[in-house]
Amino acid sequence: MTVPQLIASKSKGFSIEVLPPLKGRGIGQIFDNIDRLADYGPHYINITTHRSELVFRPSADGLYQRVSERARPGTVAVAAAIQQRYGIPSVPHIICSGYSKLETEYALIDLNFLGITNLLLLRGDKAHHESRFVPNPAGHAHASELQGQVNDFNRGLFIDGTEMEIVSGGARPEFSYGVAGYPEKHEEAPNSDFDLQWLKHKVDRGASYIVTQMFFDNAKYFDFVERCRAAGINVPVIPGLKPVCTSGQLTVLPRVFHIDLPDDLVREVSACGTNAQAVKDVGVEWLVHQMKELYDAGVPSVHLYSLNATESVRRALASIF
C-alpha cells in the first residue's frame, strides 16, 4: 500500500521516524524504541538518510588527513530490517545532499529488490563545513530533480538512458513518494508564495503526499493546508509534530529548523526552570493537545518526529489511544 492508502485506511493514525545507528553500533536500540511504540499501530516508519561529512583523522606521520565519512550509514538495510521484523511499511528518505545520481540509482535498485516501494524524497541539509547547500557535482541540486530520476526509474529507465530488462513474469518497479512542506516556509525561500509554487511543482511531478516540517501552532498548519488547496495542491498534507523534551530546545528548534514557538509553550517550559521532568511533561501535554485538535478537525494521520523522544511520544500515544 502507498502512504496515501495507508493513512486513508483508518482515522486517528500516526507514523514515526527513526535514525540509523551510528557507524559501528548495532540496530538493537532502534528495535527497542520501536517496540515501545509498535503496539499503538503506526501506519509506517520513516528512516532518515545522512550524507557523508568531511572529518579530520590523525595519520601515521602525526599529521591530520581530511576524509569523507558517513556517521549514520545503513538506511536501506535498516528499512529492510524494520519491515521484515514488524511487518510495518518502511519509508526510507532519499536525499540529494552528498549523493551522486549513480549512488541513488543503486539505492533504488536495492529497495526494489527488497520490496520497499514507499519513499520520501528530500534535498537534504547542507554539509556542516559549508555555508550554503552545494550539491554533489554528479548529483541533484533540488528534490524536483531527484523526482525526475525516480520517475524515470519507474518508467524502466536507468540514468544512462538504457532500459531495464523485465524478464518474463517480472514487474516494472513502481515507487510512490512524498515530499516535504513548510508551514512557516523553507529557510531559503524568499517568501511563502514562492515556496508554495515549488511545492506545487513537486506535486505536479508526481509527489503523492506531503509531510510538513514540525510546527507547534496548529493554526499555521491549517493555514498552510488552506493555501495548498487554493494553489491546486490536493494530495494529503501530513502534519509533522515533535514533543519538546528539554528547555534548551526553546532556542535550538527555532535556530535549526527556522520555526516559531507559541508564547504559551515558551512560558510553560520556562516556568519549569531546571526541572527536566516537568519540561517533558509540558512537552507531552502540548503534543497531546495538538494531536487531539488535528484529529478533531478530520486530519487522519500525523507524523511524529520521535527521534530521541521515544518515551514522550509513547506517553502521548497512551493518552490518545
# chains A, B, ... in the order shown; residues from 1 in each chain; ligands from 1
call {"tool": "select_by_dssp", "arguments": {"residues": "range 196-297 of chain A", "states": "strand (DSSP E or B)", "output": "list in words"}}
result
Tyr209, Ile210, Val211, Thr212, Gln213, Met214, Val237, Ile238, Pro239, Gly240 and Leu241 of chain A
call {"tool": "residues_around", "arguments": {"residues": "range 96-103 of chain A", "least_positions_apart": "4", "cutoff": "6 Å", "atoms": "only C-alpha atoms", "output": "ChimeraX atom specification"}}
result
/A:51,123-124,135-136,138-140
call {"tool": "closest_residue", "arguments": {"among": "A:Arg315, A:Arg72, A:Arg155, A:His186", "to": "His258 in chain A", "atoms": "only C-alpha atoms"}}
result
A:His186
call {"tool": "closest_atom_pairs", "arguments": {"of": "range 209-238 of chain A", "to": "range 264-278 of chain A", "cutoff": "12 Å", "atoms": "only C-alpha atoms", "output": "JSON lines"}}
result
{"residue": "A:Phe215", "atom": "CA", "partner": "A:Leu265", "partner_atom": "CA", "distance": 11.9}
{"residue": "A:Phe216", "atom": "CA", "partner": "A:Leu265", "partner_atom": "CA", "distance": 8.4}
{"residue": "A:Asp217", "atom": "CA", "partner": "A:Leu265", "partner_atom": "CA", "distance": 9.5}
call {"tool": "write_last_selection", "arguments": {"atoms": "N, CA and C atoms", "output": "PDB file, in the first residue's frame"}}
result
ATOM      1  N   PHE A 215       5.854  21.844  13.540  1.00  0.00           N
ATOM      2  CA  PHE A 215       5.264  23.121  13.947  1.00  0.00           C
ATOM      3  C   PHE A 215       4.633  22.898  15.308  1.00  0.00           C
ATOM      4  N   PHE A 216       4.423  23.975  16.047  1.00  0.00           N
ATOM      5  CA  PHE A 216       3.874  23.881  17.391  1.00  0.00           C
ATOM      6  C   PHE A 216       2.592  24.691  17.558  1.00  0.00           C
ATOM      7  N   ASP A 217       2.145  25.288  16.466  1.00  0.00           N
ATOM      8  CA  ASP A 217       0.906  26.057  16.451  1.00  0.00           C
ATOM      9  C   ASP A 217       0.034  25.506  15.334  1.00  0.00           C
TER      10      ASP A 217
END
call {"tool": "closest_atom_pairs", "arguments": {"of": "range 176-223 of chain A", "to": "range 301-305 of chain A", "cutoff": "10 Å", "atoms": "only C-alpha atoms", "output": "JSON lines"}}
result
{"residue": "A:Val211", "atom": "CA", "partner": "A:His303", "partner_atom": "CA", "distance": 7.4}
{"residue": "A:Thr212", "atom": "CA", "partner": "A:His303", "partner_atom": "CA", "distance": 8.4}
{"residue": "A:Gln213", "atom": "CA", "partner": "A:Tyr305", "partner_atom": "CA", "distance": 9.5}
{"residue": "A:Met214", "atom": "CA", "partner": "A:Tyr305", "partner_atom": "CA", "distance": 7.8}
call {"tool": "select_by_dssp", "arguments": {"residues": "range 98-190 of chain A", "states": "helix (DSSP H, G or I)", "output": "number ranges by chain"}}
result
A: 101-114, 143-154
call {"tool": "residues_around", "arguments": {"residues": "range 4-20 of chain A", "least_positions_apart": "4", "cutoff": "7 Å", "atoms": "only C-alpha atoms", "output": "ChimeraX atom specification"}}
result
/A:42-48,72-75,78,209,236,295,300-307
call {"tool": "closest_atom_pairs", "arguments": {"of": "range 72-159 of chain A", "to": "range 29-36 of chain A", "cutoff": "12 Å", "atoms": "only C-alpha atoms", "output": "Markdown table"}}
result
| residue | atom | partner | partner_atom | distance |
| --- | --- | --- | --- | --- |
| A:Val78 | CA | A:Ile30 | CA | 9.0 |
| A:Ala79 | CA | A:Ile30 | CA | 11.0 |
| A:Ala81 | CA | A:Phe31 | CA | 9.5 |
| A:Ile82 | CA | A:Phe31 | CA | 7.9 |
| A:Gln83 | CA | A:Phe31 | CA | 11.3 |
| A:Gln84 | CA | A:Phe31 | CA | 11.9 |
| A:Arg85 | CA | A:Phe31 | CA | 9.0 |
| A:Tyr86 | CA | A:Ile34 | CA | 9.0 |
| A:Ile88 | CA | A:Ile34 | CA | 10.6 |
call {"tool": "write_last_selection", "arguments": {"atoms": "C-alpha atoms", "output": "compact mmCIF listing (two decimals), in the first residue's frame"}}
result
# COMPACT_ATOMS: atom_id res chain seq x y z
CA VAL A 78 17.58 -0.57 8.44
CA ALA A 79 14.43 -0.06 6.37
CA ALA A 81 15.18 -4.94 8.82
CA ILE A 82 12.26 -2.93 10.24
CA GLN A 83 9.83 -4.01 7.56
CA GLN A 84 10.78 -7.67 7.97
CA ARG A 85 10.70 -7.63 11.79
CA TYR A 86 7.49 -5.70 12.34
CA ILE A 88 5.11 -2.25 9.18
